[in-house]
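Data from my_file11.pdb: PDB, C-alpha atoms and all ligand atoms
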```pdb
ATOM      1  CA  MET A   3     -51.033 119.164 108.162  1.00  0.00           C
ATOM      2  CA  ARG A   4     -48.796 119.472 111.267  1.00  0.00           C
ATOM      3  CA  LYS A   5     -48.543 115.681 111.469  1.00  0.00           C
ATOM      4  CA  ARG A   6     -47.415 115.527 107.825  1.00  0.00           C
ATOM      5  CA  ILE A   7     -44.673 118.127 108.423  1.00  0.00           C
ATOM      6  CA  ILE A   8     -43.395 116.183 111.457  1.00  0.00           C
ATOM      7  CA  ALA A   9     -43.417 112.937 109.436  1.00  0.00           C
ATOM      8  CA  PHE A  10     -41.528 114.663 106.587  1.00  0.00           C
ATOM      9  CA  ILE A  11     -38.863 116.104 108.941  1.00  0.00           C
ATOM     10  CA  SER A  12     -38.478 112.709 110.668  1.00  0.00           C
ATOM     11  CA  ALA A  13     -37.950 111.023 107.310  1.00  0.00           C
ATOM     12  CA  ILE A  14     -35.252 113.573 106.396  1.00  0.00           C
ATOM     13  CA  VAL A  15     -33.505 113.060 109.764  1.00  0.00           C
ATOM     14  CA  VAL A  16     -33.539 109.266 109.258  1.00  0.00           C
ATOM     15  CA  ILE A  17     -32.056 109.642 105.754  1.00  0.00           C
ATOM     16  CA  LEU A  18     -29.355 112.060 107.025  1.00  0.00           C
ATOM     17  CA  VAL A  19     -28.396 109.702 109.894  1.00  0.00           C
ATOM     18  CA  ALA A  20     -28.178 106.823 107.410  1.00  0.00           C
ATOM     19  CA  ILE A  21     -25.918 108.830 105.038  1.00  0.00           C
ATOM     20  CA  VAL A  22     -23.581 110.014 107.841  1.00  0.00           C
ATOM     21  CA  GLY A  23     -23.416 106.491 109.318  1.00  0.00           C
ATOM     22  CA  TYR A  24     -22.545 104.966 105.949  1.00  0.00           C
ATOM     23  CA  ASN A  25     -19.740 107.503 105.394  1.00  0.00           C
ATOM     24  CA  VAL A  26     -18.238 106.923 108.848  1.00  0.00           C
ATOM     25  CA  TYR A  27     -18.293 103.129 108.263  1.00  0.00           C
ATOM     26  CA  ASN A  28     -16.680 103.530 104.862  1.00  0.00           C
ATOM     27  CA  ARG A  29     -13.868 105.716 106.194  1.00  0.00           C
ATOM     28  CA  GLN A  30     -13.147 103.223 109.007  1.00  0.00           C
ATOM     29  CA  ALA A  31     -13.113 100.262 106.627  1.00  0.00           C
ATOM     30  CA  SER A  32     -10.775 102.048 104.237  1.00  0.00           C
ATOM     31  CA  SER A  33      -8.375 103.054 107.034  1.00  0.00           C
ATOM     32  CA  GLU A  34      -8.330  99.431 108.299  1.00  0.00           C
ATOM     33  CA  SER A  35      -7.520  98.114 104.856  1.00  0.00           C
ATOM     34  CA  THR A  36      -4.704 100.710 104.503  1.00  0.00           C
ATOM     35  CA  THR A  37      -3.257  99.530 107.835  1.00  0.00           C
ATOM     36  CA  ALA A  38      -3.492  95.918 106.674  1.00  0.00           C
ATOM     37  CA  ASN A  39      -1.755  96.837 103.411  1.00  0.00           C
ATOM     38  CA  LYS A  40       0.982  98.649 105.326  1.00  0.00           C
ATOM     39  CA  GLN A  41       1.556  95.525 107.468  1.00  0.00           C
ATOM     40  CA  VAL A  42       1.893  93.312 104.386  1.00  0.00           C
ATOM     41  CA  THR A  43       4.349  95.798 102.822  1.00  0.00           C
ATOM     42  CA  LYS A  44       6.363  95.796 106.051  1.00  0.00           C
ATOM     43  CA  GLN A  45       6.667  91.989 106.045  1.00  0.00           C
ATOM     44  CA  VAL A  46       7.738  91.964 102.401  1.00  0.00           C
ATOM     45  CA  THR A  47      10.320  94.705 103.045  1.00  0.00           C
ATOM     46  CA  LYS A  48      11.685  92.708 105.945  1.00  0.00           C
ATOM     47  CA  LYS A  49      11.926  89.629 103.739  1.00  0.00           C
ATOM     48  CA  SER A  50      13.503  91.521 100.865  1.00  0.00           C
ATOM     49  CA  THR A  51      16.279  92.881 103.130  1.00  0.00           C
ATOM     50  CA  THR A  52      17.580  89.325 103.637  1.00  0.00           C
ATOM     51  CA  THR A  53      17.450  88.651  99.896  1.00  0.00           C
ATOM     52  CA  ASN A  54      19.517  91.525  98.567  1.00  0.00           C
ATOM     53  CA  LYS A  55      18.728  92.464  94.935  1.00  0.00           C
ATOM     54  CA  LYS A  56      22.319  92.325  93.736  1.00  0.00           C
ATOM     55  CA  ASN A  57      23.791  89.700  96.052  1.00  0.00           C
ATOM     56  CA  GLY A  58      20.832  87.391  96.651  1.00  0.00           C
ATOM     57  CA  LYS A  59      20.434  85.408  99.852  1.00  0.00           C
ATOM     58  CA  THR A  60      23.472  85.869 102.045  1.00  0.00           C
ATOM     59  CA  LEU A  61      25.186  83.873 104.791  1.00  0.00           C
ATOM     60  CA  ILE A  62      27.888  85.147 107.139  1.00  0.00           C
ATOM     61  CA  VAL A  63      30.255  82.435 108.365  1.00  0.00           C
ATOM     62  CA  TYR A  64      32.804  83.376 111.008  1.00  0.00           C
ATOM     63  CA  PHE A  65      35.252  82.037 113.557  1.00  0.00           C
ATOM     64  CA  SER A  66      36.264  84.102 116.580  1.00  0.00           C
ATOM     65  CA  ARG A  67      37.906  83.623 119.991  1.00  0.00           C
ATOM     66  CA  THR A  68      36.902  85.481 123.133  1.00  0.00           C
ATOM     67  CA  ASP A  69      40.354  85.153 124.731  1.00  0.00           C
ATOM     68  CA  GLY A  70      42.257  88.189 123.487  1.00  0.00           C
ATOM     69  CA  VAL A  71      45.906  88.057 122.497  1.00  0.00           C
ATOM     70  CA  SER A  72      47.021  89.565 125.801  1.00  0.00           C
ATOM     71  CA  GLY A  73      45.163  86.870 127.743  1.00  0.00           C
ATOM     72  CA  GLY A  74      42.311  89.232 128.704  1.00  0.00           C
ATOM     73  CA  HIS A  75      38.847  87.816 128.183  1.00  0.00           C
ATOM     74  CA  LEU A  76      36.711  89.593 125.574  1.00  0.00           C
ATOM     75  CA  LYS A  77      32.942  89.741 125.997  1.00  0.00           C
ATOM     76  CA  VAL A  78      32.624  89.335 122.218  1.00  0.00           C
ATOM     77  CA  GLY A  79      35.517  88.278 119.978  1.00  0.00           C
ATOM     78  CA  HIS A  80      36.788  90.917 117.521  1.00  0.00           C
ATOM     79  CA  THR A  81      35.750  88.992 114.428  1.00  0.00           C
ATOM     80  CA  LYS A  82      32.291  88.338 115.839  1.00  0.00           C
ATOM     81  CA  VAL A  83      31.893  92.097 116.382  1.00  0.00           C
ATOM     82  CA  VAL A  84      32.555  92.667 112.678  1.00  0.00           C
ATOM     83  CA  ALA A  85      30.347  89.718 111.665  1.00  0.00           C
ATOM     84  CA  ASP A  86      27.499  91.230 113.689  1.00  0.00           C
ATOM     85  CA  PHE A  87      27.979  94.630 111.998  1.00  0.00           C
ATOM     86  CA  ILE A  88      27.711  92.880 108.616  1.00  0.00           C
ATOM     87  CA  GLN A  89      24.579  91.089 109.835  1.00  0.00           C
ATOM     88  CA  LYS A  90      23.041  94.352 111.038  1.00  0.00           C
ATOM     89  CA  HIS A  91      23.613  95.985 107.639  1.00  0.00           C
ATOM     90  CA  THR A  92      22.617  93.073 105.402  1.00  0.00           C
ATOM     91  CA  GLY A  93      20.002  91.190 107.452  1.00  0.00           C
ATOM     92  CA  ALA A  94      21.864  88.000 106.441  1.00  0.00           C
ATOM     93  CA  ASP A  95      21.940  84.703 108.340  1.00  0.00           C
ATOM     94  CA  GLU A  96      24.949  83.959 110.544  1.00  0.00           C
ATOM     95  CA  TYR A  97      26.834  80.751 111.288  1.00  0.00           C
ATOM     96  CA  GLU A  98      29.642  80.545 113.849  1.00  0.00           C
ATOM     97  CA  ILE A  99      32.386  77.963 113.361  1.00  0.00           C
ATOM     98  CA  GLN A 100      33.129  76.529 116.800  1.00  0.00           C
ATOM     99  CA  ALA A 101      35.955  74.142 117.573  1.00  0.00           C
ATOM    100  CA  ALA A 102      34.899  70.677 118.783  1.00  0.00           C
ATOM    101  CA  LYS A 103      37.913  70.959 121.126  1.00  0.00           C
ATOM    102  CA  PRO A 104      38.097  74.613 122.209  1.00  0.00           C
ATOM    103  CA  TYR A 105      41.405  76.421 121.739  1.00  0.00           C
ATOM    104  CA  PRO A 106      43.406  77.149 124.944  1.00  0.00           C
ATOM    105  CA  LYS A 107      42.654  80.346 126.843  1.00  0.00           C
ATOM    106  CA  SER A 108      46.293  81.426 126.748  1.00  0.00           C
ATOM    107  CA  TYR A 109      47.455  83.304 123.657  1.00  0.00           C
ATOM    108  CA  GLN A 110      50.843  81.570 123.607  1.00  0.00           C
ATOM    109  CA  ALA A 111      49.333  78.067 123.809  1.00  0.00           C
ATOM    110  CA  THR A 112      46.869  78.954 121.034  1.00  0.00           C
ATOM    111  CA  ALA A 113      49.639  80.478 118.943  1.00  0.00           C
ATOM    112  CA  ASP A 114      51.745  77.304 119.294  1.00  0.00           C
ATOM    113  CA  GLN A 115      48.790  75.052 118.490  1.00  0.00           C
ATOM    114  CA  ALA A 116      47.779  77.189 115.488  1.00  0.00           C
ATOM    115  CA  GLN A 117      51.323  77.121 114.128  1.00  0.00           C
ATOM    116  CA  LYS A 118      51.509  73.332 114.475  1.00  0.00           C
ATOM    117  CA  GLU A 119      48.100  72.953 112.773  1.00  0.00           C
ATOM    118  CA  GLN A 120      49.367  75.055 109.899  1.00  0.00           C
ATOM    119  CA  GLN A 121      52.634  73.096 109.572  1.00  0.00           C
ATOM    120  CA  ASP A 122      50.679  69.808 109.634  1.00  0.00           C
ATOM    121  CA  ASN A 123      48.042  71.122 107.193  1.00  0.00           C
ATOM    122  CA  ALA A 124      45.568  69.929 109.852  1.00  0.00           C
ATOM    123  CA  ARG A 125      41.775  70.084 109.671  1.00  0.00           C
ATOM    124  CA  PRO A 126      40.605  70.553 113.297  1.00  0.00           C
ATOM    125  CA  LYS A 127      37.077  69.240 113.953  1.00  0.00           C
ATOM    126  CA  ILE A 128      34.138  71.631 113.993  1.00  0.00           C
ATOM    127  CA  LYS A 129      31.482  71.332 116.709  1.00  0.00           C
ATOM    128  CA  GLY A 130      27.947  70.508 115.569  1.00  0.00           C
ATOM    129  CA  THR A 131      26.534  70.439 112.066  1.00  0.00           C
ATOM    130  CA  LEU A 132      27.546  72.650 109.165  1.00  0.00           C
ATOM    131  CA  PRO A 133      24.990  74.984 107.573  1.00  0.00           C
ATOM    132  CA  ASP A 134      23.134  74.052 104.388  1.00  0.00           C
ATOM    133  CA  VAL A 135      24.744  76.524 101.999  1.00  0.00           C
ATOM    134  CA  SER A 136      22.717  75.431  98.959  1.00  0.00           C
ATOM    135  CA  LYS A 137      20.087  78.117  99.579  1.00  0.00           C
ATOM    136  CA  TYR A 138      22.606  80.986  99.623  1.00  0.00           C
ATOM    137  CA  ASP A 139      23.996  83.042  96.727  1.00  0.00           C
ATOM    138  CA  THR A 140      26.676  84.913  98.672  1.00  0.00           C
ATOM    139  CA  VAL A 141      28.784  83.705 101.597  1.00  0.00           C
ATOM    140  CA  PHE A 142      31.010  85.953 103.726  1.00  0.00           C
ATOM    141  CA  ILE A 143      33.823  84.034 105.441  1.00  0.00           C
ATOM    142  CA  GLY A 144      35.407  85.847 108.376  1.00  0.00           C
ATOM    143  CA  ALA A 145      38.128  84.966 110.881  1.00  0.00           C
ATOM    144  CA  PRO A 146      41.099  86.370 112.774  1.00  0.00           C
ATOM    145  CA  VAL A 147      44.323  86.219 110.767  1.00  0.00           C
ATOM    146  CA  TRP A 148      46.426  83.451 112.302  1.00  0.00           C
ATOM    147  CA  TRP A 149      50.009  83.315 111.105  1.00  0.00           C
ATOM    148  CA  GLY A 150      49.113  85.282 108.014  1.00  0.00           C
ATOM    149  CA  GLU A 151      46.199  83.040 106.979  1.00  0.00           C
ATOM    150  CA  TYR A 152      42.769  81.742 107.860  1.00  0.00           C
ATOM    151  CA  PRO A 153      42.933  79.511 110.979  1.00  0.00           C
ATOM    152  CA  MET A 154      43.033  75.859 109.880  1.00  0.00           C
ATOM    153  CA  ILE A 155      39.583  75.256 111.370  1.00  0.00           C
ATOM    154  CA  VAL A 156      38.212  77.609 108.707  1.00  0.00           C
ATOM    155  CA  ARG A 157      39.929  75.393 106.131  1.00  0.00           C
ATOM    156  CA  THR A 158      37.956  72.473 107.655  1.00  0.00           C
ATOM    157  CA  PHE A 159      34.785  74.420 106.870  1.00  0.00           C
ATOM    158  CA  MET A 160      36.012  75.308 103.388  1.00  0.00           C
ATOM    159  CA  ASP A 161      36.930  71.708 102.502  1.00  0.00           C
ATOM    160  CA  ALA A 162      33.489  70.517 103.592  1.00  0.00           C
ATOM    161  CA  THR A 163      31.551  73.236 101.805  1.00  0.00           C
ATOM    162  CA  ASN A 164      30.927  73.439  98.073  1.00  0.00           C
ATOM    163  CA  LEU A 165      30.479  77.066  97.038  1.00  0.00           C
ATOM    164  CA  ASP A 166      30.710  76.579  93.255  1.00  0.00           C
ATOM    165  CA  GLY A 167      28.871  79.315  91.363  1.00  0.00           C
ATOM    166  CA  LYS A 168      28.382  81.435  94.480  1.00  0.00           C
ATOM    167  CA  THR A 169      29.967  84.709  95.508  1.00  0.00           C
ATOM    168  CA  VAL A 170      32.449  84.471  98.380  1.00  0.00           C
ATOM    169  CA  ILE A 171      33.755  87.460 100.358  1.00  0.00           C
ATOM    170  CA  PRO A 172      36.495  87.380 103.011  1.00  0.00           C
ATOM    171  CA  PHE A 173      36.759  89.527 106.104  1.00  0.00           C
ATOM    172  CA  THR A 174      39.274  89.406 108.920  1.00  0.00           C
ATOM    173  CA  THR A 175      40.383  91.032 112.110  1.00  0.00           C
ATOM    174  CA  HIS A 176      44.110  91.209 112.713  1.00  0.00           C
ATOM    175  CA  MET A 177      47.026  92.948 114.408  1.00  0.00           C
ATOM    176  CA  GLY A 178      48.640  94.385 111.293  1.00  0.00           C
ATOM    177  CA  SER A 179      48.338  91.751 108.555  1.00  0.00           C
ATOM    178  CA  GLY A 180      45.129  93.120 107.001  1.00  0.00           C
ATOM    179  CA  LEU A 181      43.452  90.367 105.007  1.00  0.00           C
ATOM    180  CA  GLY A 182      46.683  88.353 105.099  1.00  0.00           C
ATOM    181  CA  ASN A 183      46.499  85.545 102.561  1.00  0.00           C
ATOM    182  CA  THR A 184      42.753  84.948 102.977  1.00  0.00           C
ATOM    183  CA  GLN A 185      41.572  86.345  99.654  1.00  0.00           C
ATOM    184  CA  GLU A 186      44.111  84.195  97.748  1.00  0.00           C
ATOM    185  CA  GLN A 187      43.137  81.157  99.840  1.00  0.00           C
ATOM    186  CA  LEU A 188      39.500  81.605  98.856  1.00  0.00           C
ATOM    187  CA  LYS A 189      40.418  81.936  95.170  1.00  0.00           C
ATOM    188  CA  GLU A 190      42.473  78.760  95.358  1.00  0.00           C
ATOM    189  CA  GLN A 191      39.835  76.825  97.292  1.00  0.00           C
ATOM    190  CA  TYR A 192      36.896  77.968  95.179  1.00  0.00           C
ATOM    191  CA  PRO A 193      38.036  78.395  91.544  1.00  0.00           C
ATOM    192  CA  LYS A 194      34.411  78.190  90.404  1.00  0.00           C
ATOM    193  CA  SER A 195      33.242  80.959  92.742  1.00  0.00           C
ATOM    194  CA  LYS A 196      33.423  84.704  92.373  1.00  0.00           C
ATOM    195  CA  VAL A 197      35.690  86.048  95.134  1.00  0.00           C
ATOM    196  CA  ARG A 198      35.049  89.717  95.827  1.00  0.00           C
ATOM    197  CA  ASP A 199      37.095  92.346  97.682  1.00  0.00           C
ATOM    198  CA  GLY A 200      37.299  91.639 101.391  1.00  0.00           C
ATOM    199  CA  LEU A 201      37.776  93.807 104.457  1.00  0.00           C
ATOM    200  CA  GLY A 202      40.443  93.573 107.145  1.00  0.00           C
ATOM    201  CA  VAL A 203      39.766  95.399 110.417  1.00  0.00           C
ATOM    202  CA  GLU A 204      42.391  95.823 113.107  1.00  0.00           C
ATOM    203  CA  GLY A 205      41.099  93.797 116.089  1.00  0.00           C
ATOM    204  CA  THR A 206      41.369  96.671 118.549  1.00  0.00           C
ATOM    205  CA  ASP A 207      39.315  98.879 116.171  1.00  0.00           C
ATOM    206  CA  ALA A 208      36.543  96.291 115.753  1.00  0.00           C
ATOM    207  CA  ASN A 209      34.077  97.983 118.100  1.00  0.00           C
ATOM    208  CA  ASN A 210      34.392 101.270 116.181  1.00  0.00           C
ATOM    209  CA  SER A 211      34.290  99.755 112.704  1.00  0.00           C
ATOM    210  CA  GLN A 212      30.563  99.918 111.891  1.00  0.00           C
ATOM    211  CA  LYS A 213      31.036 102.874 109.497  1.00  0.00           C
ATOM    212  CA  THR A 214      33.978 101.236 107.707  1.00  0.00           C
ATOM    213  CA  VAL A 215      31.956  98.037 107.415  1.00  0.00           C
ATOM    214  CA  ASP A 216      28.915  99.941 106.086  1.00  0.00           C
ATOM    215  CA  ASN A 217      31.017 101.756 103.448  1.00  0.00           C
ATOM    216  CA  TRP A 218      32.536  98.481 102.262  1.00  0.00           C
ATOM    217  CA  LEU A 219      29.127  96.788 102.111  1.00  0.00           C
ATOM    218  CA  ASN A 220      27.656  99.747 100.196  1.00  0.00           C
ATOM    219  CA  LYS A 221      30.386  99.287  97.575  1.00  0.00           C
ATOM    220  CA  LEU A 222      29.466  95.604  97.355  1.00  0.00           C
ATOM    221  CA  GLY A 223      25.877  96.582  96.610  1.00  0.00           C
ATOM    222  CA  TYR A 224      24.265  95.994 100.025  1.00  0.00           C
TER     223      TYR A 224
HETATM  224  C1  LIG A 301      47.233  82.095 117.017  1.00  0.00           C
HETATM  225  C2  LIG A 301      47.210  83.533 116.608  1.00  0.00           C
HETATM  226  C3  LIG A 301      47.933  83.949 115.503  1.00  0.00           C
HETATM  227  C4  LIG A 301      47.854  85.276 115.078  1.00  0.00           C
HETATM  228  N1  LIG A 301      48.538  85.648 113.952  1.00  0.00           N
HETATM  229  C5  LIG A 301      48.400  86.915 113.490  1.00  0.00           C
HETATM  230  C6  LIG A 301      49.035  87.323 112.271  1.00  0.00           C
HETATM  231  O1  LIG A 301      49.716  86.560 111.602  1.00  0.00           O
HETATM  232  N2  LIG A 301      48.850  88.597 111.859  1.00  0.00           N
HETATM  233  C7  LIG A 301      48.104  89.496 112.562  1.00  0.00           C
HETATM  234  O2  LIG A 301      47.989  90.635 112.133  1.00  0.00           O
HETATM  235  N3  LIG A 301      47.469  89.137 113.712  1.00  0.00           N
HETATM  236  C8  LIG A 301      47.612  87.881 114.184  1.00  0.00           C
HETATM  237  N4  LIG A 301      46.959  87.505 115.349  1.00  0.00           N
HETATM  238  C9  LIG A 301      46.091  88.474 116.031  1.00  0.00           C
HETATM  239  C10 LIG A 301      44.621  88.250 115.699  1.00  0.00           C
HETATM  240  O3  LIG A 301      44.416  88.124 114.317  1.00  0.00           O
HETATM  241  C11 LIG A 301      43.748  89.403 116.206  1.00  0.00           C
HETATM  242  O4  LIG A 301      43.979  89.622 117.572  1.00  0.00           O
HETATM  243  C12 LIG A 301      42.265  89.183 115.949  1.00  0.00           C
HETATM  244  O5  LIG A 301      41.579  90.405 116.046  1.00  0.00           O
HETATM  245  C13 LIG A 301      41.626  88.210 116.919  1.00  0.00           C
HETATM  246  O6  LIG A 301      40.269  88.023 116.540  1.00  0.00           O
HETATM  247  P1  LIG A 301      39.191  87.294 117.472  1.00  0.00           P
HETATM  248  O7  LIG A 301      39.019  88.137 118.730  1.00  0.00           O
HETATM  249  O8  LIG A 301      37.946  87.282 116.662  1.00  0.00           O
HETATM  250  O9  LIG A 301      39.690  85.925 117.765  1.00  0.00           O
HETATM  251  C14 LIG A 301      47.060  86.196 115.797  1.00  0.00           C
HETATM  252  C15 LIG A 301      46.378  85.783 116.934  1.00  0.00           C
HETATM  253  C16 LIG A 301      46.423  84.465 117.341  1.00  0.00           C
HETATM  254  C17 LIG A 301      45.660  84.028 118.569  1.00  0.00           C
END
```

Structure rendered as structure tokens:
Amino acid sequence: MRKRIIAFISAIVVILVAIVGYNVYNRQASSESTTANKQVTKQVTKKSTTTNKKNGKTLIVYFSRTDGVSGGHLKVGHTKVVADFIQKHTGADEYEIQAAKPYPKSYQATADQAQKEQQDNARPKIKGTLPDVSKYDTVFIGAPVWWGEYPMIVRTFMDATNLDGKTVIPFTTHMGSGLGNTQEQLKEQYPKSKVRDGLGVEGTDANNSQKTVDNWLNKLGY
């Protein structure tokens, strides 16, 4: 009789251990699959930030000098600062227009050259290859205002780039001219594109402009 009781208790213990073990395994497996699901969601969220619902896939194109107007070297050019704020907010791709023949370090020499380029309706060469814009729905085009307009090297980019059917948005940094003539230039260059309201940031305010940039982008649906 005693042997039977011991056998019965042992059987119950074995069954209990099996039940507890199964539950622990199940809980672990379910928590692992939740973690895996979370990781997938994270990747998708990351992807969907670069393809904005309203504005689609976005590219930021900009030109910027690091030799300030007073001759002092800037670590990061004013327009690049703003371009990077836009990138931070939108998660968009960036492309920097660089001159095949860099502009002079001196402000005066650059000012003279820029004025001559404008008078000659020149198209200064761009270094390297241009981006493939076919995969983008929206393109920001940013630059310092030079003599009231986009620098002519930006016009080189514009002439070489078909943005028909896409949305184009200007932004500038400046010393008082705001957007200058850039918005009108885009409308003229791209009659088959939708040109939306741009943003002009005073160059010396560029480093403190993140909030202004964010507010503008929010209005644009980013
Ligand atoms: C050649 C040249 C022409 C400029 N013309 C103007 C102008 O017409 N209006 C204006 O407000 N600022 C003008 N500026 C000032 C720049 O737009 C301003 O300093 C800008 O923030 C520089 O941007 P960056 O650091 O990205 O090059 C000019 C600067 C240069 C070098």

Exercise for review: Considering only C-alpha atoms, return as a VMD selection string whatever protein or nucleic-acid residues lie within 12 Å of A:Glu119, sequence-local ones (same chain, fewer than 3 positions apart) excluded.
Suggested key: chain A and resid 105 112 to 116 122 to 127 148 to 149 151 to 158

Q: Within 9 Å of stretch 161-165 of chain A, counting all atoms listed in the file, which residues show up once you throw out same-chain ones fewer than 5 positions away? Write them as a PyMOL selection string, please.
A: chain A and resi 125+132-136+139-141+156+170+191-192+194-195

Residues as selected, C-alpha atoms, written as a PDB file, in the frame of the given file, can you do that?
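Result file follows (part.pdb):
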```pdb
ATOM      1  CA  ARG A 125      41.775  70.084 109.671  1.00  0.00           C
ATOM      2  CA  LEU A 132      27.546  72.650 109.165  1.00  0.00           C
ATOM      3  CA  PRO A 133      24.990  74.984 107.573  1.00  0.00           C
ATOM      4  CA  ASP A 134      23.134  74.052 104.388  1.00  0.00           C
ATOM      5  CA  VAL A 135      24.744  76.524 101.999  1.00  0.00           C
ATOM      6  CA  SER A 136      22.717  75.431  98.959  1.00  0.00           C
ATOM      7  CA  ASP A 139      23.996  83.042  96.727  1.00  0.00           C
ATOM      8  CA  THR A 140      26.676  84.913  98.672  1.00  0.00           C
ATOM      9  CA  VAL A 141      28.784  83.705 101.597  1.00  0.00           C
ATOM     10  CA  VAL A 156      38.212  77.609 108.707  1.00  0.00           C
ATOM     11  CA  VAL A 170      32.449  84.471  98.380  1.00  0.00           C
ATOM     12  CA  GLN A 191      39.835  76.825  97.292  1.00  0.00           C
ATOM     13  CA  TYR A 192      36.896  77.968  95.179  1.00  0.00           C
ATOM     14  CA  LYS A 194      34.411  78.190  90.404  1.00  0.00           C
ATOM     15  CA  SER A 195      33.242  80.959  92.742  1.00  0.00           C
TER      16      SER A 195
END
```

Exercise for the section: Could you please extract the residues within 7 Å of ligand LIG 301 (chain A), counting only C-alpha atoms and all ligand atoms, and hand them back as JSON, numbers by chain? Expected result: {"A": [65, 66, 67, 68, 69, 70, 71, 79, 80, 81, 82, 109, 112, 113, 114, 116, 145, 146, 147, 148, 149, 150, 151, 175, 176, 177, 178, 179, 180, 204, 205, 206]}

I need the chosen residues saved as a tab-separated table (two decimals), in the coordinates of the input, with C-alpha atoms.
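Contents of the output file part.tsv:
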```tsv
chain	number	residue	atom	x	y	z
A	65	PHE	CA	35.25	82.04	113.56
A	66	SER	CA	36.26	84.10	116.58
A	67	ARG	CA	37.91	83.62	119.99
A	68	THR	CA	36.90	85.48	123.13
A	69	ASP	CA	40.35	85.15	124.73
A	70	GLY	CA	42.26	88.19	123.49
A	71	VAL	CA	45.91	88.06	122.50
A	79	GLY	CA	35.52	88.28	119.98
A	80	HIS	CA	36.79	90.92	117.52
A	81	THR	CA	35.75	88.99	114.43
A	82	LYS	CA	32.29	88.34	115.84
A	109	TYR	CA	47.46	83.30	123.66
A	112	THR	CA	46.87	78.95	121.03
A	113	ALA	CA	49.64	80.48	118.94
A	114	ASP	CA	51.74	77.30	119.29
A	116	ALA	CA	47.78	77.19	115.49
A	145	ALA	CA	38.13	84.97	110.88
A	146	PRO	CA	41.10	86.37	112.77
A	147	VAL	CA	44.32	86.22	110.77
A	148	TRP	CA	46.43	83.45	112.30
A	149	TRP	CA	50.01	83.32	111.10
A	150	GLY	CA	49.11	85.28	108.01
A	151	GLU	CA	46.20	83.04	106.98
A	175	THR	CA	40.38	91.03	112.11
A	176	HIS	CA	44.11	91.21	112.71
A	177	MET	CA	47.03	92.95	114.41
A	178	GLY	CA	48.64	94.38	111.29
A	179	SER	CA	48.34	91.75	108.56
A	180	GLY	CA	45.13	93.12	107.00
A	204	GLU	CA	42.39	95.82	113.11
A	205	GLY	CA	41.10	93.80	116.09
A	206	THR	CA	41.37	96.67	118.55
```

Since I can't run it myself right now, could you work out what the PyMOL selection byres (((chain A and resi 93) around 12) and not hetatm) selects here and report it as a PyMOL selection string?
chain A and resi 47-54+58-62+85-92+94-96+219+224

In terms of only C-alpha atoms, the residue from A:Lys118, A:Lys168, A:Lys213, A:Lys189 at minimal distance from A:Asn57 is A:Lys168

Between atom CA of A:Pro172 and atom CA of A:Glu98 lies a distance of 14.5 Å

Atom pair atom CA of A:Gln120 + atom CA of A:Thr169, distance 26.0 Å

Item to check | Atomic separation - atom CA of A:Ser108 relative to atom CA of A:His75, Å | outcome: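 Interatomic distance here is 9.9 Å.
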
Identify, on the basis of all atoms listed in the file, every residue whose closest approach to A:Asn210 does not exceed 10 Å; exclude the query and any residue fewer than 5 positions from it along the same chain; express the result as a PDB file with C-alpha atoms, in the frame of the given file.
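For reference, out-v3.pdb as written:
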```pdb
ATOM      1  CA  VAL A  83      31.893  92.097 116.382  1.00  0.00           C
ATOM      2  CA  VAL A  84      32.555  92.667 112.678  1.00  0.00           C
ATOM      3  CA  VAL A 203      39.766  95.399 110.417  1.00  0.00           C
ATOM      4  CA  VAL A 215      31.956  98.037 107.415  1.00  0.00           C
TER       5      VAL A 215
END
```

N, CA, C and O atoms modelled onto stretch 159-165 of chain A, as a PDB file, in the frame of the given file:
```
ATOM      1  N   PHE A 159      36.086  73.981 107.404  1.00  0.00           N
ATOM      2  CA  PHE A 159      34.785  74.420 106.870  1.00  0.00           C
ATOM      3  C   PHE A 159      34.838  74.498 105.345  1.00  0.00           C
ATOM      4  O   PHE A 159      33.948  74.013 104.643  1.00  0.00           O
ATOM      5  N   MET A 160      35.907  75.098 104.837  1.00  0.00           N
ATOM      6  CA  MET A 160      36.012  75.308 103.388  1.00  0.00           C
ATOM      7  C   MET A 160      36.058  73.969 102.637  1.00  0.00           C
ATOM      8  O   MET A 160      35.406  73.812 101.598  1.00  0.00           O
ATOM      9  N   ASP A 161      36.835  73.022 103.164  1.00  0.00           N
ATOM     10  CA  ASP A 161      36.930  71.708 102.502  1.00  0.00           C
ATOM     11  C   ASP A 161      35.573  71.010 102.443  1.00  0.00           C
ATOM     12  O   ASP A 161      35.286  70.279 101.505  1.00  0.00           O
ATOM     13  N   ALA A 162      34.760  71.241 103.494  1.00  0.00           N
ATOM     14  CA  ALA A 162      33.489  70.517 103.592  1.00  0.00           C
ATOM     15  C   ALA A 162      32.347  71.240 102.883  1.00  0.00           C
ATOM     16  O   ALA A 162      31.220  70.747 102.856  1.00  0.00           O
ATOM     17  N   THR A 163      32.639  72.409 102.321  1.00  0.00           N
ATOM     18  CA  THR A 163      31.551  73.236 101.805  1.00  0.00           C
ATOM     19  C   THR A 163      31.764  73.594 100.337  1.00  0.00           C
ATOM     20  O   THR A 163      32.737  74.268  99.995  1.00  0.00           O
ATOM     21  N   ASN A 164      30.842  73.139  99.504  1.00  0.00           N
ATOM     22  CA  ASN A 164      30.927  73.439  98.073  1.00  0.00           C
ATOM     23  C   ASN A 164      30.259  74.797  97.801  1.00  0.00           C
ATOM     24  O   ASN A 164      29.056  74.953  98.021  1.00  0.00           O
ATOM     25  N   LEU A 165      31.041  75.744  97.330  1.00  0.00           N
ATOM     26  CA  LEU A 165      30.479  77.066  97.038  1.00  0.00           C
ATOM     27  C   LEU A 165      30.578  77.399  95.544  1.00  0.00           C
ATOM     28  O   LEU A 165      30.584  78.582  95.166  1.00  0.00           O
TER      29      LEU A 165
END
```
